[in-house]
Amino acid sequence: MMQRSYQQVEMVIPNQSQRNTVVAESTTRNKNMLVKNGGQTESKELAAENRHRISPKGHSGMDIMSTMAANSGLDEKKEFKISFPMEPREAVVHLSKYLLDMEKTEILEYDIVHFLNLLERKAKPMVTPDGPENGGFDNDKGEYICEVHDHIAYRFEVNKRIGKGSFGQVFKCYDHKKKEFTALKILRNKKRLYKQGLIEAKILETLREGDPDDKKNIVRIKETFVFRKHLILTFEMLSMNLYEFIKMNNF
């Protein structure tokens, strides 16, 4: 009986080598115990390693995120190509150094940017006109100051001045939205002329609507808008103005 009992005990109680094996296996199971992380199952060691790599609180995590952000910024700059039309916010972000300070806020008032004279702006420093009125954009007579290739309302490109009168100036411009030349009448920045300009525009619109087939030989107005406090009327581009026509025909 005593021998038999001793044999049973030997079968139940492991020796030292077996106990070491059990402890090692138990330790391994604890180390590799599965945990939930972000809906995916991973080991504690792997989770700790991932937290160390991507945690923004860790030094290495910050380095990685900073590098990724820097590389992302570089990639965006490389991928961006200047092309019109473009969104106003894109123009502010990517073309800021070619904009006057006031243009950086003014441009956001427009739905789309069709044109900006980048070649001229890259060739020389950007400076506001030095006129005495209207933030430098008007001369002492209230006339708008602009040069060849300047933009009007981020859409029209000034080609040349083709007329001047008591109400204002007329410029031949290229409409980058409609891809055609047009005549822009820029009225002087005076309150009375602004009111008279609105009356002129209303009369011309009425005449245009009364001549849908364009048979009455009346100059056709296209649009009316305000740019930097100047009322602007756009017309179809004709070969010459009325004064030149009268002079040519000895009238």
# chains A, B, ... in the order shown; residues from 1 in each chain; ligands from 1

$ residues_around --residues "range 127-141 of chain A" --least-positions-apart "2" --cutoff "9 Å" --atoms "only C-alpha atoms" --output "PyMOL selection string"
chain A and resi 100+124-125+143-146+188-190+228-229

$ write_last_selection --atoms "N, CA and C atoms" --output "tab-separated table (two decimals), in the first residue's frame"
chain	number	residue	atom	x	y	z
A	100	LEU	N	-0.96	91.61	-53.44
A	100	LEU	CA	-0.87	92.73	-52.51
A	100	LEU	C	-1.58	92.33	-51.22
A	124	LYS	N	8.88	91.83	-61.12
A	124	LYS	CA	9.21	93.01	-60.30
A	124	LYS	C	8.45	92.96	-58.99
A	125	PRO	N	8.95	93.64	-57.96
A	125	PRO	CA	8.28	93.62	-56.65
A	125	PRO	C	6.87	94.17	-56.73
A	143	GLU	N	-9.84	108.86	-61.42
A	143	GLU	CA	-9.69	107.87	-62.48
A	143	GLU	C	-8.89	106.67	-61.95
A	144	TYR	N	-9.28	105.50	-62.38
A	144	TYR	CA	-8.60	104.29	-61.92
A	144	TYR	C	-7.23	104.17	-62.59
A	145	ILE	N	-6.21	103.85	-61.78
A	145	ILE	CA	-4.85	103.72	-62.29
A	145	ILE	C	-4.57	102.24	-62.58
A	146	CYS	N	-4.25	101.94	-63.83
A	146	CYS	CA	-3.90	100.57	-64.17
A	146	CYS	C	-2.93	100.56	-65.35
A	188	ARG	N	-15.19	107.17	-63.43
A	188	ARG	CA	-14.44	107.81	-62.35
A	188	ARG	C	-15.12	107.54	-61.02
A	189	ASN	N	-14.33	107.51	-59.99
A	189	ASN	CA	-14.82	107.22	-58.66
A	189	ASN	C	-15.43	108.48	-58.03
A	190	LYS	N	-16.60	108.83	-58.57
A	190	LYS	CA	-17.34	110.00	-58.07
A	190	LYS	C	-18.80	109.59	-57.89
A	228	ARG	N	-13.26	97.92	-56.91
A	228	ARG	CA	-12.49	98.91	-56.16
A	228	ARG	C	-13.13	100.30	-56.24
A	229	LYS	N	-14.44	100.30	-55.99
A	229	LYS	CA	-15.28	101.49	-55.89
A	229	LYS	C	-15.58	102.14	-57.24

$ atom_distance --atom1 "CA of Ile218 in chain A" --atom2 "CA of Met248 in chain A"
19.2 Å

$ residues_around --residues "range 238-240 of chain A" --least-positions-apart "4" --cutoff "12 Å" --atoms "only C-alpha atoms" --output "PDB file with N, CA, C and O atoms, in the first residue's frame"
ATOM      1  N   ILE A 162      -8.212 102.638 -74.934  1.00  0.00           N
ATOM      2  CA  ILE A 162      -8.694 103.016 -76.264  1.00  0.00           C
ATOM      3  C   ILE A 162      -9.565 104.266 -76.243  1.00  0.00           C
ATOM      4  O   ILE A 162     -10.019 104.717 -77.300  1.00  0.00           O
ATOM      5  N   GLY A 163      -9.788 104.830 -75.084  1.00  0.00           N
ATOM      6  CA  GLY A 163     -10.608 106.045 -75.027  1.00  0.00           C
ATOM      7  C   GLY A 163     -10.621 106.663 -73.647  1.00  0.00           C
ATOM      8  O   GLY A 163     -10.346 105.993 -72.643  1.00  0.00           O
ATOM      9  N   VAL A 170     -11.898 104.021 -71.208  1.00  0.00           N
ATOM     10  CA  VAL A 170     -12.305 102.770 -71.831  1.00  0.00           C
ATOM     11  C   VAL A 170     -11.049 101.976 -72.189  1.00  0.00           C
ATOM     12  O   VAL A 170     -10.126 102.509 -72.797  1.00  0.00           O
ATOM     13  N   PHE A 171     -11.036 100.705 -71.786  1.00  0.00           N
ATOM     14  CA  PHE A 171      -9.880  99.842 -72.033  1.00  0.00           C
ATOM     15  C   PHE A 171     -10.286  98.631 -72.869  1.00  0.00           C
ATOM     16  O   PHE A 171     -11.380  98.085 -72.690  1.00  0.00           O
ATOM     17  N   LYS A 172      -9.392  98.258 -73.769  1.00  0.00           N
ATOM     18  CA  LYS A 172      -9.547  96.989 -74.465  1.00  0.00           C
ATOM     19  C   LYS A 172      -8.987  95.916 -73.541  1.00  0.00           C
ATOM     20  O   LYS A 172      -7.824  95.978 -73.134  1.00  0.00           O
ATOM     21  N   PHE A 181     -12.193  89.269 -76.505  1.00  0.00           N
ATOM     22  CA  PHE A 181     -11.873  90.653 -76.176  1.00  0.00           C
ATOM     23  C   PHE A 181     -13.174  91.416 -75.923  1.00  0.00           C
ATOM     24  O   PHE A 181     -14.219  91.129 -76.523  1.00  0.00           O
ATOM     25  N   THR A 182     -13.075  92.375 -75.024  1.00  0.00           N
ATOM     26  CA  THR A 182     -14.232  93.190 -74.678  1.00  0.00           C
ATOM     27  C   THR A 182     -13.766  94.595 -74.311  1.00  0.00           C
ATOM     28  O   THR A 182     -12.570  94.802 -74.035  1.00  0.00           O
ATOM     29  N   ALA A 183     -14.677  95.542 -74.330  1.00  0.00           N
ATOM     30  CA  ALA A 183     -14.358  96.925 -73.965  1.00  0.00           C
ATOM     31  C   ALA A 183     -14.906  97.211 -72.573  1.00  0.00           C
ATOM     32  O   ALA A 183     -16.086  96.978 -72.310  1.00  0.00           O
ATOM     33  N   LEU A 184     -14.033  97.679 -71.693  1.00  0.00           N
ATOM     34  CA  LEU A 184     -14.437  98.008 -70.321  1.00  0.00           C
ATOM     35  C   LEU A 184     -14.437  99.520 -70.132  1.00  0.00           C
ATOM     36  O   LEU A 184     -13.404 100.180 -70.321  1.00  0.00           O
ATOM     37  N   ASN A 217     -27.948  98.578 -84.952  1.00  0.00           N
ATOM     38  CA  ASN A 217     -26.621  99.214 -84.887  1.00  0.00           C
ATOM     39  C   ASN A 217     -26.418 100.024 -83.606  1.00  0.00           C
ATOM     40  O   ASN A 217     -25.912 101.152 -83.628  1.00  0.00           O
ATOM     41  N   ILE A 218     -26.824  99.438 -82.508  1.00  0.00           N
ATOM     42  CA  ILE A 218     -26.626 100.068 -81.193  1.00  0.00           C
ATOM     43  C   ILE A 218     -25.608  99.235 -80.432  1.00  0.00           C
ATOM     44  O   ILE A 218     -25.712  98.003 -80.378  1.00  0.00           O
ATOM     45  N   VAL A 219     -24.591  99.895 -79.860  1.00  0.00           N
ATOM     46  CA  VAL A 219     -23.571  99.172 -79.115  1.00  0.00           C
ATOM     47  C   VAL A 219     -24.234  98.362 -77.999  1.00  0.00           C
ATOM     48  O   VAL A 219     -25.157  98.844 -77.324  1.00  0.00           O
ATOM     49  N   ARG A 220     -23.798  97.153 -77.842  1.00  0.00           N
ATOM     50  CA  ARG A 220     -24.467  96.235 -76.915  1.00  0.00           C
ATOM     51  C   ARG A 220     -23.680  96.118 -75.601  1.00  0.00           C
ATOM     52  O   ARG A 220     -22.506  95.747 -75.590  1.00  0.00           O
ATOM     53  N   ILE A 221     -24.380  96.426 -74.525  1.00  0.00           N
ATOM     54  CA  ILE A 221     -23.782  96.293 -73.200  1.00  0.00           C
ATOM     55  C   ILE A 221     -23.875  94.830 -72.768  1.00  0.00           C
ATOM     56  O   ILE A 221     -24.818  94.124 -73.104  1.00  0.00           O
ATOM     57  N   THR A 234     -19.292  96.753 -69.284  1.00  0.00           N
ATOM     58  CA  THR A 234     -18.582  95.995 -70.315  1.00  0.00           C
ATOM     59  C   THR A 234     -19.407  95.991 -71.610  1.00  0.00           C
ATOM     60  O   THR A 234     -20.629  95.807 -71.579  1.00  0.00           O
ATOM     61  N   GLU A 244     -13.695 108.503 -83.844  1.00  0.00           N
ATOM     62  CA  GLU A 244     -12.836 108.110 -84.962  1.00  0.00           C
ATOM     63  C   GLU A 244     -13.639 107.825 -86.225  1.00  0.00           C
ATOM     64  O   GLU A 244     -13.222 108.148 -87.343  1.00  0.00           O
ATOM     65  N   PHE A 245     -14.823 107.237 -86.049  1.00  0.00           N
ATOM     66  CA  PHE A 245     -15.684 106.941 -87.196  1.00  0.00           C
ATOM     67  C   PHE A 245     -16.159 108.238 -87.865  1.00  0.00           C
ATOM     68  O   PHE A 245     -16.141 108.353 -89.101  1.00  0.00           O
ATOM     69  N   ILE A 246     -16.582 109.195 -87.068  1.00  0.00           N
ATOM     70  CA  ILE A 246     -17.041 110.489 -87.609  1.00  0.00           C
ATOM     71  C   ILE A 246     -15.906 111.202 -88.316  1.00  0.00           C
ATOM     72  O   ILE A 246     -16.053 111.762 -89.407  1.00  0.00           O
ATOM     73  N   LYS A 247     -14.722 111.196 -87.699  1.00  0.00           N
ATOM     74  CA  LYS A 247     -13.570 111.866 -88.282  1.00  0.00           C
ATOM     75  C   LYS A 247     -13.175 111.216 -89.606  1.00  0.00           C
ATOM     76  O   LYS A 247     -12.829 111.902 -90.579  1.00  0.00           O
ATOM     77  N   MET A 248     -13.217 109.886 -89.676  1.00  0.00           N
ATOM     78  CA  MET A 248     -12.841 109.175 -90.883  1.00  0.00           C
ATOM     79  C   MET A 248     -13.798 109.478 -92.038  1.00  0.00           C
ATOM     80  O   MET A 248     -13.417 109.466 -93.201  1.00  0.00           O
TER      81      MET A 248
END

$ select_by_dssp --residues "range 176-248 of chain A" --states "strand (DSSP E)" --output "ChimeraX atom specification"
/A:180-187,221-227,230-236

$ residues_around --residues "Thr224 in chain A" --least-positions-apart "2" --cutoff "8 Å" --atoms "only C-alpha atoms" --output "ChimeraX atom specification"
/A:201,222,226,231-234

$ write_last_selection --atoms "C-alpha atoms" --output "PDB file, in the first residue's frame"
ATOM      1  CA  ALA A 201     -26.500 100.980 -68.021  1.00  0.00           C
ATOM      2  CA  LYS A 222     -22.835  92.970 -71.603  1.00  0.00           C
ATOM      3  CA  VAL A 226     -18.171  97.357 -59.279  1.00  0.00           C
ATOM      4  CA  LEU A 231     -18.631 101.240 -61.633  1.00  0.00           C
ATOM      5  CA  ILE A 232     -17.605  99.286 -64.727  1.00  0.00           C
ATOM      6  CA  LEU A 233     -19.672  98.676 -67.857  1.00  0.00           C
ATOM      7  CA  THR A 234     -18.582  95.995 -70.315  1.00  0.00           C
TER       8      THR A 234
END

$ atom_distance --atom1 "CA of Glu120 in chain A" --atom2 "CA of Lys164 in chain A"
25.1 Å

$ atom_distance --atom1 "CA of Met86 in chain A" --atom2 "CA of Phe225 in chain A"
20.6 Å

$ residues_around --residues "range 107-117 of chain A" --least-positions-apart "3" --cutoff "8 Å" --atoms "only C-alpha atoms" --output "list in words"
Phe84, Pro85, Met86, Glu87, Pro88, Arg89, Ala91, Val92, Glu103, Lys104, Glu120, Arg121, His149, Asp150, His151, Tyr154, Arg155, Phe156, Glu157, His176 and Lys177 of chain A

$ closest_residue --among "A:Lys216, A:Arg208, A:Lys202, A:His230" --to "Ala153 in chain A" --atoms "only C-alpha atoms"
A:His230

$ select_by_dssp --residues "range 75-185 of chain A" --states "alpha helix (DSSP H)" --output "ChimeraX atom specification"
/A:75-79,88-94,103-106,118-123

$ closest_residue --among "A:Tyr194, A:Phe80, A:Tyr174, A:Phe167" --to "Phe235 in chain A" --atoms "only C-alpha atoms"
A:Tyr174

$ closest_residue --among "A:Ala123, A:Leu95, A:Val158, A:Leu187" --to "Lys81 in chain A" --atoms "only C-alpha atoms"
A:Leu95

$ closest_residue --among "A:Asp175, A:Gly210, A:Ser166, A:Lys195" --to "Ile152 in chain A" --atoms "only C-alpha atoms"
A:Asp175
